[in-house]
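Before any comments, here is the structure.
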Amino acid sequence: MTTTVPALGTRTAEGSALQAVLLDMDGTLVDTEGFWWDVEVEVFAALGHTLEESWRHVVVGGPMTRSAGFLIEATGADITFDELSVLLNDGFETRIDHRLPLMPGAARLLAELAAHEIPTALVSASHRRIIDRILASIGPQYFALTVAGDEVERTKPFPDPYLVAARGLEAEPARCAVIEDTATGVAAAEAAGCRVIAVPSVAPIAPAVGRTVVTSLEEVDLPFLRSLMTEMR
């Protein structure tokens, strides 16, 4: 889903080097990472298999091609990827039928970015059918652009989704702040050349050059994002 993209000349308010903010969805803006694991556990239980808790860190944040493929191989379940993909998406949609609560600080951050007319994109490994359902809870008005995992040839951990988002907002990847909650998403954003703020959800993420780790979106606001860009000069 794409709405009006602001003109390039409106992006650098108050001399900031920040041109755009790109946000992950599951586990970053909405607390849904656990939903995916619960669905995977239930689906494989119905197939006669028990998932090991240690596998959760392997599949979290990744595209369905990776997570479903891993679980089929790990369990030896007699099911194809296409069949499993339908079961997982259907099970997940059942869980998001009701309005989803946002992660702490998410609503305030999105409102602040909108108030200052900072171009913002939602970049997720989830399929379009899932993104459009969840957008009703997040607020589609906050995003000039959304990128789904089934709309790019290579999704996270490849840089393609973030490069597509930056290009769609006519922003330089190096001047985009990306907010992610998993190592897979962080890898994608860093490969795209973006400045990354990690808010770990399921597994820890270590700080690194070009990467800042916080415990909650409540620690992130526009001055904070702009300060990270200033540090790069």
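In the structure tokens, chains take letters A, B, ... by order of appearance, with residues numbered from 1 within each chain and ligands from 1 in the order shown.
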
Which residues, written as a VMD selection string, have at least one atom at most 12 Å from Thr65 in chain A, with only C-alpha atoms counted and residues fewer than 5 positions away on the same chain left out? chain A and resid 59 70 to 73 80 to 85 88 125 to 127 149 to 150 153 to 157

With N, CA and C atoms retained, could you export that selection as a PDB file, in the first residue's frame?
ATOM      1  N   VAL A  59      13.758 -19.294  14.043  1.00  0.00           N
ATOM      2  CA  VAL A  59      12.706 -18.882  13.119  1.00  0.00           C
ATOM      3  C   VAL A  59      12.218 -17.450  13.331  1.00  0.00           C
ATOM      4  N   PHE A  70      12.720 -24.555   7.687  1.00  0.00           N
ATOM      5  CA  PHE A  70      13.510 -25.102   8.794  1.00  0.00           C
ATOM      6  C   PHE A  70      12.681 -26.075   9.619  1.00  0.00           C
ATOM      7  N   LEU A  71      11.447 -25.703   9.952  1.00  0.00           N
ATOM      8  CA  LEU A  71      10.618 -26.541  10.815  1.00  0.00           C
ATOM      9  C   LEU A  71      10.216 -27.845  10.126  1.00  0.00           C
ATOM     10  N   ILE A  72       9.979 -27.786   8.825  1.00  0.00           N
ATOM     11  CA  ILE A  72       9.666 -29.019   8.086  1.00  0.00           C
ATOM     12  C   ILE A  72      10.860 -29.967   8.132  1.00  0.00           C
ATOM     13  N   GLU A  73      12.045 -29.408   7.890  1.00  0.00           N
ATOM     14  CA  GLU A  73      13.255 -30.241   7.893  1.00  0.00           C
ATOM     15  C   GLU A  73      13.577 -30.757   9.292  1.00  0.00           C
ATOM     16  N   THR A  80       4.032 -30.012   2.659  1.00  0.00           N
ATOM     17  CA  THR A  80       4.805 -29.166   1.758  1.00  0.00           C
ATOM     18  C   THR A  80       4.861 -27.746   2.303  1.00  0.00           C
ATOM     19  N   PHE A  81       5.797 -26.967   1.776  1.00  0.00           N
ATOM     20  CA  PHE A  81       5.893 -25.578   2.213  1.00  0.00           C
ATOM     21  C   PHE A  81       4.606 -24.828   1.911  1.00  0.00           C
ATOM     22  N   ASP A  82       4.048 -25.006   0.715  1.00  0.00           N
ATOM     23  CA  ASP A  82       2.824 -24.286   0.350  1.00  0.00           C
ATOM     24  C   ASP A  82       1.678 -24.629   1.287  1.00  0.00           C
ATOM     25  N   GLU A  83       1.550 -25.911   1.634  1.00  0.00           N
ATOM     26  CA  GLU A  83       0.484 -26.323   2.560  1.00  0.00           C
ATOM     27  C   GLU A  83       0.692 -25.710   3.938  1.00  0.00           C
ATOM     28  N   LEU A  84       1.935 -25.738   4.404  1.00  0.00           N
ATOM     29  CA  LEU A  84       2.236 -25.189   5.725  1.00  0.00           C
ATOM     30  C   LEU A  84       2.052 -23.679   5.751  1.00  0.00           C
ATOM     31  N   SER A  85       2.426 -23.005   4.691  1.00  0.00           N
ATOM     32  CA  SER A  85       2.273 -21.553   4.614  1.00  0.00           C
ATOM     33  C   SER A  85       0.822 -21.138   4.800  1.00  0.00           C
ATOM     34  N   LEU A  88      -0.182 -21.658   8.521  1.00  0.00           N
ATOM     35  CA  LEU A  88       0.410 -20.673   9.417  1.00  0.00           C
ATOM     36  C   LEU A  88      -0.251 -19.307   9.269  1.00  0.00           C
ATOM     37  N   ALA A 125       8.639  -8.695   6.973  1.00  0.00           N
ATOM     38  CA  ALA A 125       8.787  -9.968   6.267  1.00  0.00           C
ATOM     39  C   ALA A 125       7.444 -10.689   6.156  1.00  0.00           C
ATOM     40  N   SER A 126       6.427 -10.200   6.847  1.00  0.00           N
ATOM     41  CA  SER A 126       5.096 -10.797   6.757  1.00  0.00           C
ATOM     42  C   SER A 126       4.492 -10.549   5.382  1.00  0.00           C
ATOM     43  N   HIS A 127       3.557 -11.411   5.010  1.00  0.00           N
ATOM     44  CA  HIS A 127       2.900 -11.269   3.717  1.00  0.00           C
ATOM     45  C   HIS A 127       1.917 -10.097   3.725  1.00  0.00           C
ATOM     46  N   GLY A 149       6.834  -8.897   2.764  1.00  0.00           N
ATOM     47  CA  GLY A 149       7.835  -9.901   2.436  1.00  0.00           C
ATOM     48  C   GLY A 149       7.572 -10.634   1.142  1.00  0.00           C
ATOM     49  N   ASP A 150       6.311 -10.742   0.742  1.00  0.00           N
ATOM     50  CA  ASP A 150       5.997 -11.442  -0.503  1.00  0.00           C
ATOM     51  C   ASP A 150       5.939 -10.493  -1.695  1.00  0.00           C
ATOM     52  N   GLU A 153      11.735  -9.814  -4.209  1.00  0.00           N
ATOM     53  CA  GLU A 153      12.321 -11.089  -4.633  1.00  0.00           C
ATOM     54  C   GLU A 153      13.058 -11.757  -3.486  1.00  0.00           C
ATOM     55  N   ARG A 154      13.775 -10.958  -2.695  1.00  0.00           N
ATOM     56  CA  ARG A 154      14.485 -11.477  -1.523  1.00  0.00           C
ATOM     57  C   ARG A 154      14.085 -10.631  -0.320  1.00  0.00           C
ATOM     58  N   THR A 155      13.561 -11.272   0.702  1.00  0.00           N
ATOM     59  CA  THR A 155      13.165 -10.528   1.901  1.00  0.00           C
ATOM     60  C   THR A 155      14.270 -10.634   2.953  1.00  0.00           C
ATOM     61  N   LYS A 156      14.019 -10.124   4.137  1.00  0.00           N
ATOM     62  CA  LYS A 156      15.007 -10.156   5.205  1.00  0.00           C
ATOM     63  C   LYS A 156      15.522 -11.586   5.412  1.00  0.00           C
ATOM     64  N   PRO A 157      16.818 -11.801   5.621  1.00  0.00           N
ATOM     65  CA  PRO A 157      17.870 -10.852   6.014  1.00  0.00           C
ATOM     66  C   PRO A 157      18.569 -10.133   4.858  1.00  0.00           C
TER      67      PRO A 157
END

Once DSSP has gone over the backbone, tell me which residues of range 112-221 of chain A are in strand (DSSP E), as a ChimeraX atom specification. /A:120-123,145-147,176-180,195-198,211-213

Selected residues written out, C-alpha atoms, as a PDB file, in the first residue's frame:
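New file out_32.pdb:
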ATOM      1  CA  THR A 120       7.916   6.791   7.416  1.00  0.00           C
ATOM      2  CA  ALA A 121       7.652   3.273   5.950  1.00  0.00           C
ATOM      3  CA  LEU A 122       6.580  -0.069   7.371  1.00  0.00           C
ATOM      4  CA  VAL A 123       8.941  -2.839   6.252  1.00  0.00           C
ATOM      5  CA  LEU A 145       4.787   3.315   2.117  1.00  0.00           C
ATOM      6  CA  THR A 146       4.562  -0.305   3.254  1.00  0.00           C
ATOM      7  CA  VAL A 147       6.711  -3.188   1.982  1.00  0.00           C
ATOM      8  CA  CYS A 176      17.364   6.330   7.000  1.00  0.00           C
ATOM      9  CA  ALA A 177      16.871   5.208  10.593  1.00  0.00           C
ATOM     10  CA  VAL A 178      15.609   1.637  10.834  1.00  0.00           C
ATOM     11  CA  ILE A 179      13.933   0.254  13.946  1.00  0.00           C
ATOM     12  CA  GLU A 180      14.035  -3.559  14.259  1.00  0.00           C
ATOM     13  CA  ARG A 195      21.405   3.384  10.688  1.00  0.00           C
ATOM     14  CA  VAL A 196      19.833   0.762  12.963  1.00  0.00           C
ATOM     15  CA  ILE A 197      18.071   1.020  16.311  1.00  0.00           C
ATOM     16  CA  ALA A 198      17.494  -2.453  17.740  1.00  0.00           C
ATOM     17  CA  ARG A 211      23.772   0.090  15.581  1.00  0.00           C
ATOM     18  CA  THR A 212      22.178   1.304  18.813  1.00  0.00           C
ATOM     19  CA  VAL A 213      20.358  -1.078  21.151  1.00  0.00           C
TER      20      VAL A 213
END

Long-range neighbours of Ile118 in chain A as a ChimeraX atom specification, 8 Å cut-off, only C-alpha atoms, 5 positions minimum in chain: /A:11,19-21,113

Using only C-alpha atoms, can you tell me which of A:Ala115, A:Leu29, A:Ala148, A:Ala165 comes closest to Ile131 in chain A?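 Selected residue with least distance to Ile131 in chain A: A:Ala148.
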
Could you find all residues in range 101-152 of chain A that DSSP calls alpha helix (DSSP H) from the backbone, and write them as an NGL selection string? :A and (106-115 or 128-138)

Using only C-alpha atoms, pick whichever of A:Thr75, A:Ser67, A:Thr230, A:Thr215 has the shortest atom-to-atom distance to His49 in chain A.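 Residue with the minimum atom-to-atom distance to His49 in chain A: A:Thr75.
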
Using only C-alpha atoms, can you tell me which of A:Leu22, A:Ala171, A:Ala208, A:Phe158 comes closest to Ala188 in chain A?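 The closest residue to Ala188 in chain A is A:Phe158.
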
For Ser216 in chain A: contacts at 10 Å, only C-alpha atoms, fewer than 2 positions along chain excluded, given as a list in words: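 Selected residues are Thr28, Met103, Pro104, Gly105, Ala106, Asp181, Ala198, Val199, Pro200, Ser201, Val213, Val214, Glu218, Glu219 and Val220 of chain A.
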
For Val60 in chain A: contacts at 10 Å, only C-alpha atoms, fewer than 6 positions along chain excluded, given as a ChimeraX atom specification: /A:26-27,33-34,36-37,66-67,181-185,201-203

Keeping only N, CA, C and O atoms, write those residues as a PDB file, in the first residue's frame.
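Saved result, again.pdb, follows:
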ATOM      1  N   ASP A  26       6.158  -6.851  13.216  1.00  0.00           N
ATOM      2  CA  ASP A  26       6.004  -7.856  14.267  1.00  0.00           C
ATOM      3  C   ASP A  26       7.103  -7.729  15.314  1.00  0.00           C
ATOM      4  O   ASP A  26       8.297  -7.794  14.994  1.00  0.00           O
ATOM      5  N   GLY A  27       6.713  -7.542  16.563  1.00  0.00           N
ATOM      6  CA  GLY A  27       7.669  -7.455  17.649  1.00  0.00           C
ATOM      7  C   GLY A  27       8.270  -6.080  17.838  1.00  0.00           C
ATOM      8  O   GLY A  27       8.870  -5.807  18.880  1.00  0.00           O
ATOM      9  N   GLU A  33       5.262 -11.355  17.768  1.00  0.00           N
ATOM     10  CA  GLU A  33       6.249 -12.403  17.519  1.00  0.00           C
ATOM     11  C   GLU A  33       5.838 -13.705  18.214  1.00  0.00           C
ATOM     12  O   GLU A  33       5.989 -14.793  17.664  1.00  0.00           O
ATOM     13  N   GLY A  34       5.290 -13.591  19.425  1.00  0.00           N
ATOM     14  CA  GLY A  34       4.850 -14.782  20.143  1.00  0.00           C
ATOM     15  C   GLY A  34       3.690 -15.475  19.454  1.00  0.00           C
ATOM     16  O   GLY A  34       3.542 -16.701  19.550  1.00  0.00           O
ATOM     17  N   TRP A  36       3.261 -15.894  16.235  1.00  0.00           N
ATOM     18  CA  TRP A  36       3.774 -16.778  15.175  1.00  0.00           C
ATOM     19  C   TRP A  36       4.257 -18.094  15.780  1.00  0.00           C
ATOM     20  O   TRP A  36       3.968 -19.174  15.254  1.00  0.00           O
ATOM     21  N   TRP A  37       4.996 -18.015  16.879  1.00  0.00           N
ATOM     22  CA  TRP A  37       5.499 -19.236  17.495  1.00  0.00           C
ATOM     23  C   TRP A  37       4.364 -20.102  18.017  1.00  0.00           C
ATOM     24  O   TRP A  37       4.371 -21.331  17.833  1.00  0.00           O
ATOM     25  N   ARG A  66      12.035 -19.319   5.138  1.00  0.00           N
ATOM     26  CA  ARG A  66      13.097 -19.836   5.997  1.00  0.00           C
ATOM     27  C   ARG A  66      12.544 -20.567   7.206  1.00  0.00           C
ATOM     28  O   ARG A  66      12.940 -21.691   7.517  1.00  0.00           O
ATOM     29  N   SER A  67      11.603 -19.922   7.926  1.00  0.00           N
ATOM     30  CA  SER A  67      11.102 -20.513   9.168  1.00  0.00           C
ATOM     31  C   SER A  67      10.329 -21.805   8.898  1.00  0.00           C
ATOM     32  O   SER A  67      10.551 -22.821   9.568  1.00  0.00           O
ATOM     33  N   ASP A 181      13.532  -5.462  15.689  1.00  0.00           N
ATOM     34  CA  ASP A 181      13.560  -6.195  16.962  1.00  0.00           C
ATOM     35  C   ASP A 181      14.291  -7.522  16.884  1.00  0.00           C
ATOM     36  O   ASP A 181      14.490  -8.172  17.905  1.00  0.00           O
ATOM     37  N   THR A 182      14.710  -7.970  15.681  1.00  0.00           N
ATOM     38  CA  THR A 182      15.378  -9.265  15.552  1.00  0.00           C
ATOM     39  C   THR A 182      16.704  -9.126  14.819  1.00  0.00           C
ATOM     40  O   THR A 182      16.925  -8.168  14.064  1.00  0.00           O
ATOM     41  N   ALA A 183      17.566 -10.116  15.013  1.00  0.00           N
ATOM     42  CA  ALA A 183      18.858 -10.123  14.338  1.00  0.00           C
ATOM     43  C   ALA A 183      18.685 -10.209  12.826  1.00  0.00           C
ATOM     44  O   ALA A 183      19.468  -9.625  12.067  1.00  0.00           O
ATOM     45  N   THR A 184      17.651 -10.908  12.374  1.00  0.00           N
ATOM     46  CA  THR A 184      17.395 -11.023  10.936  1.00  0.00           C
ATOM     47  C   THR A 184      17.083  -9.660  10.329  1.00  0.00           C
ATOM     48  O   THR A 184      17.615  -9.290   9.286  1.00  0.00           O
ATOM     49  N   GLY A 185      16.216  -8.909  10.991  1.00  0.00           N
ATOM     50  CA  GLY A 185      15.862  -7.583  10.498  1.00  0.00           C
ATOM     51  C   GLY A 185      17.024  -6.621  10.569  1.00  0.00           C
ATOM     52  O   GLY A 185      17.235  -5.810   9.664  1.00  0.00           O
ATOM     53  N   SER A 201      13.280  -8.294  20.961  1.00  0.00           N
ATOM     54  CA  SER A 201      12.021  -8.828  21.481  1.00  0.00           C
ATOM     55  C   SER A 201      12.199 -10.227  22.055  1.00  0.00           C
ATOM     56  O   SER A 201      11.920 -10.464  23.226  1.00  0.00           O
ATOM     57  N   VAL A 202      12.681 -11.162  21.263  1.00  0.00           N
ATOM     58  CA  VAL A 202      12.806 -12.547  21.710  1.00  0.00           C
ATOM     59  C   VAL A 202      14.237 -12.901  22.087  1.00  0.00           C
ATOM     60  O   VAL A 202      14.487 -13.490  23.132  1.00  0.00           O
ATOM     61  N   ALA A 203      15.189 -12.530  21.239  1.00  0.00           N
ATOM     62  CA  ALA A 203      16.597 -12.858  21.484  1.00  0.00           C
ATOM     63  C   ALA A 203      17.421 -11.587  21.619  1.00  0.00           C
ATOM     64  O   ALA A 203      17.101 -10.564  21.007  1.00  0.00           O
TER      65      ALA A 203
END

Can you tell me which residues surround Cys194 in chain A at a distance of at most 9 Å, considering only C-alpha atoms, apart from same-chain residues fewer than 5 positions away, and format the answer as a PyMOL selection string? chain A and resi 162+172-178+189+210

Could you tell me how far CA of Glu170 in chain A lies from CA of Glu112 in chain A, in Å and to one decimal?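 CA of Glu170 in chain A sits 20.8 Å away from CA of Glu112 in chain A.
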